[in-house]
Amino acid sequence: MDPIQNNDQKVIWTIGGGKGGSGKSFITANIGVCLAELGARVILIDADLGGANLHTFLGISPPSHTLSDFIKKRVADLREVIIPTGIPNLQLLTGAEDLLNAADAKSVQRRKLLRSIQTLEGDYIFVDLGAGNSLSVLDFFLMSDGGILMVTPEPTSIENTYRFLKSAFYRRLKQTVSSYRVKTLIEGAMDRKNEMGIRSPQDLFQAVMDVDEGEAKRMLEETESFRPNLILNQVRSKKDIEIGFAIRSACQKYFGLRLHYLGYVVFDQEVSDSIRKRRPLVLENARSRAAQCVREIAYKLADLRIDSSGMKGSRTEDEQVES
Ligand SMILES: Nc1ncnc2c1ncn2[C@@H]1O[C@H](COP(=O)(O)OP(=O)(O)O)[C@@H](O)[C@H]1O
Ligand SMILES: [Mg+2]
């Protein structure tokens, strides 16, 4: 499925994957503040089921108006449920989990929600997806302009990231092809113990190639244009930083995917201190190491532009992470 195209320069980022506690909300809130400080109009959307707490990172009370009011038609305009944060250029919308995780939420409804979000006046929209791996979350991740995976340098977090990526990757491939036979092959590949002997994406491409060369070509094109992004959080050593590169190499080798390593944020006690004070770290302690890391990533995002083939950076990603 193609990402919904923007007519204007608005960019919708989603932040997901990883585990609960990996720092998705912390980084979403603080990147939002950094971009708002630059003068961009930023809207944060809290879509974390049962764990909506972006407001706390921004020092505001749980909003009384949520997206549910819009979905249930208690308010007519999505703009009525957006609340100011007290920080210039930064607004917040909560309650997207209602639609994102509802068992009966259809893809049509999700697209409708995305379209409504598209009508919002802003330059950047960040959707905190929470840790879920549901089809709704995957679709939202795939339909946005750029999906960011949050990972910490622990094996459990890395495992979750691969699992999320694998689900998103196969789902995207399935949405790309139209042949029923090929869709069945992809479904089979998602089950590692499938009887067709498909153990890797390469096996899958080969199997599809044997039945439909055109679909195999489309799948390859889709693989090339799918560029998920990665942020490594709570980094404690130089060796930890390398994990981002290792994940990127593994994705290239296994899936044939070009993962974009946006950068890392160091583990810093100041993060926790700022949350206790309910103040965004980049405002509370702008000189802290973690704040500087977040700011650097925010500036990279400001530098990136979306084109029809996916993400395009103004510098190469190695330069971006290593500089
Ligand atoms: N870079 C960091 N350094 C130190 N602690 C961090 C860092 N990032 C996140 N944390 C801690 O992890 C906790 C969970 O972060 P949060 O953003 O709520 O995770 P998520 O939204 O992924 O569940 C925070 O309360 C904070 O104490
Ligand atoms: Mg969270």
# chains A, B, ... in the order shown; residues from 1 in each chain; ligands from 1
>>> residues_near_ligand(ligand="ligand 1", cutoff="9 Å", atoms="only C-alpha atoms and all ligand atoms", output="ChimeraX atom specification")
/A:16-29,48,51-54,57,128-131,150-152,233-236,264-276,289-291,293-294
>>> residues_around(residues="A:Tyr254", least_positions_apart="3", cutoff="12 Å", atoms="only C-alpha atoms", output="ChimeraX atom specification")
/A:162,165-166,169,199-204,223,246-251,257-259
>>> residues_around(residues="A:Asp123", least_positions_apart="5", cutoff="9 Å", atoms="only C-alpha atoms", output="JSON list (two decimals) with N, CA and C atoms, in the first residue's frame")
[["chain", "number", "residue", "atom", "x", "y", "z"],
["A", 8, "ASP", "N", 0.69, 18.87, 0.67],
["A", 8, "ASP", "CA", 1.56, 19.94, 1.14],
["A", 8, "ASP", "C", 2.84, 19.31, 1.68],
["A", 9, "GLN", "N", 3.58, 20.06, 2.45],
["A", 9, "GLN", "CA", 4.86, 19.57, 2.94],
["A", 9, "GLN", "C", 4.75, 18.86, 4.28],
["A", 10, "LYS", "N", 3.51, 18.64, 4.72],
["A", 10, "LYS", "CA", 3.33, 18.02, 6.03],
["A", 10, "LYS", "C", 3.93, 16.60, 6.04],
["A", 11, "VAL", "N", 4.58, 16.27, 7.13],
["A", 11, "VAL", "CA", 5.17, 14.94, 7.23],
["A", 11, "VAL", "C", 4.60, 14.23, 8.45],
["A", 12, "ILE", "N", 4.11, 13.03, 8.23],
["A", 12, "ILE", "CA", 3.58, 12.25, 9.35],
["A", 12, "ILE", "C", 4.57, 11.14, 9.70],
["A", 40, "ALA", "N", 8.57, 25.24, 13.43],
["A", 40, "ALA", "CA", 7.65, 24.37, 12.68],
["A", 40, "ALA", "C", 6.38, 24.16, 13.52],
["A", 41, "ARG", "N", 5.25, 24.00, 12.84],
["A", 41, "ARG", "CA", 4.00, 23.70, 13.55],
["A", 41, "ARG", "C", 3.94, 22.18, 13.75],
["A", 42, "VAL", "N", 3.92, 21.78, 15.00],
["A", 42, "VAL", "CA", 4.02, 20.35, 15.32],
["A", 42, "VAL", "C", 2.77, 19.88, 16.08],
["A", 43, "ILE", "N", 2.26, 18.73, 15.67],
["A", 43, "ILE", "CA", 1.15, 18.11, 16.40],
["A", 43, "ILE", "C", 1.60, 16.72, 16.84]]
>>> atom_distance(atom1="atom CA of A:Arg279", atom2="atom CA of A:Gly59")
5.6 Å
>>> closest_residue(among="A:Arg79, A:Met190, A:Thr85, A:Gly132", to="ligand 2", atoms="only C-alpha atoms and all ligand atoms")
A:Gly132
>>> residues_around(residues="A:Gly214", least_positions_apart="2", cutoff="12 Å", atoms="only C-alpha atoms", output="number ranges by chain")
A: 176-179, 182, 205, 208-212, 216-221
>>> write_last_selection(atoms="N, CA and C atoms", output="CSV table (one decimal), in the first residue's frame")
chain,number,residue,atom,x,y,z
A,176,THR,N,1.0,-5.2,-1.4
A,176,THR,CA,1.5,-4.8,-2.7
A,176,THR,C,1.0,-5.7,-3.9
A,177,VAL,N,0.8,-7.0,-3.6
A,177,VAL,CA,0.5,-8.0,-4.7
A,177,VAL,C,-1.0,-8.2,-4.8
A,178,SER,N,-1.4,-8.6,-6.0
A,178,SER,CA,-2.9,-8.8,-6.1
A,178,SER,C,-3.2,-10.3,-6.3
A,179,SER,N,-2.2,-11.0,-6.7
A,179,SER,CA,-2.5,-12.5,-7.0
A,179,SER,C,-2.8,-13.2,-5.7
A,182,VAL,N,0.0,-15.6,-4.8
A,182,VAL,CA,1.2,-15.0,-4.2
A,182,VAL,C,0.9,-14.6,-2.7
A,205,PHE,N,10.9,-14.8,-2.3
A,205,PHE,CA,11.0,-14.2,-3.7
A,205,PHE,C,11.2,-15.3,-4.7
A,208,VAL,N,7.9,-17.0,-5.3
A,208,VAL,CA,7.0,-16.1,-6.1
A,208,VAL,C,7.5,-16.0,-7.5
A,209,MET,N,8.8,-15.9,-7.7
A,209,MET,CA,9.4,-15.9,-9.1
A,209,MET,C,8.9,-17.1,-9.9
A,210,ASP,N,8.8,-18.3,-9.2
A,210,ASP,CA,8.5,-19.5,-9.9
A,210,ASP,C,7.0,-19.5,-10.4
A,211,VAL,N,6.2,-18.7,-9.7
A,211,VAL,CA,4.7,-18.7,-10.1
A,211,VAL,C,4.3,-17.4,-10.8
A,212,ASP,N,5.0,-16.3,-10.5
A,212,ASP,CA,4.6,-15.0,-11.1
A,212,ASP,C,5.7,-14.0,-11.1
A,216,ALA,N,6.8,-10.9,-8.4
A,216,ALA,CA,8.1,-11.0,-7.7
A,216,ALA,C,8.8,-9.6,-7.9
A,217,LYS,N,8.7,-9.1,-9.1
A,217,LYS,CA,9.3,-7.8,-9.4
A,217,LYS,C,8.7,-6.7,-8.6
A,218,ARG,N,7.4,-6.7,-8.5
A,218,ARG,CA,6.7,-5.7,-7.7
A,218,ARG,C,7.2,-5.8,-6.2
A,219,MET,N,7.3,-7.0,-5.7
A,219,MET,CA,7.7,-7.2,-4.4
A,219,MET,C,9.1,-6.7,-4.1
A,220,LEU,N,10.0,-6.9,-5.1
A,220,LEU,CA,11.4,-6.4,-5.0
A,220,LEU,C,11.4,-4.8,-4.9
A,221,GLU,N,10.6,-4.2,-5.8
A,221,GLU,CA,10.5,-2.8,-5.9
A,221,GLU,C,10.0,-2.2,-4.5
>>> residues_around(residues="A:Asn133", least_positions_apart="4", cutoff="9 Å", atoms="only C-alpha atoms", output="MDAnalysis selection string")
chainID A and resid 16:17 137:138 163:164 167:168
>>> write_last_selection(atoms="C-alpha atoms", output="JSON list (two decimals), in the first residue's frame")
[["chain", "number", "residue", "atom", "x", "y", "z"],
["A", 16, "GLY", "CA", 6.59, 2.26, 17.38],
["A", 17, "GLY", "CA", 8.22, -1.12, 17.72],
["A", 137, "VAL", "CA", -0.60, -0.44, 14.49],
["A", 138, "LEU", "CA", 1.32, -2.05, 11.62],
["A", 163, "ARG", "CA", 9.50, -9.17, 15.13],
["A", 164, "PHE", "CA", 7.79, -5.86, 14.44],
["A", 167, "SER", "CA", 5.40, -8.37, 10.52],
["A", 168, "ALA", "CA", 5.44, -4.92, 8.90]]
>>> residues_around(residues="stretch 226-229 of chain A", least_positions_apart="4", cutoff="7 Å", atoms="only C-alpha atoms", output="CSV table (one decimal) with C-alpha atoms, in the first residue's frame")
chain,number,residue,atom,x,y,z
A,146,GLY,CA,8.1,7.6,7.9
A,147,GLY,CA,8.0,4.9,10.5
A,148,ILE,CA,10.5,5.1,13.4
A,149,LEU,CA,11.5,2.0,15.4
A,222,GLU,CA,8.4,-2.5,-2.7
A,257,LEU,CA,15.8,-3.8,3.5
A,258,ARG,CA,17.6,-0.5,3.8
A,259,LEU,CA,17.1,0.6,7.4
A,260,HIS,CA,17.8,4.2,8.1
A,261,TYR,CA,19.7,4.6,11.4
A,262,LEU,CA,18.6,8.0,12.5
A,310,GLY,CA,10.5,6.9,0.3
A,311,MET,CA,12.9,8.7,2.6
>>> select_by_dssp(residues="stretch 41-117 of chain A", states="strand (DSSP E or B)", output="MDAnalysis selection string")
chainID A and resid 42:46 83:84 90:94
>>> closest_residue(among="A:Thr14, A:Gln109, A:Ser225, A:Ser61", to="A:Ile125", atoms="only C-alpha atoms")
A:Thr14
>>> atom_distance(atom1="atom CA of A:Ala47", atom2="atom CA of A:Thr94")
6.6 Å
>>> select_by_dssp(residues="stretch 217-248 of chain A", states="alpha helix (DSSP H)", output="PyMOL selection string")
chain A and resi 217-225+238-248
>>> closest_residue(among="A:Gly39, A:Gly50, A:Gly244, A:Gly263", to="ligand 2", atoms="only C-alpha atoms and all ligand atoms")
A:Gly50
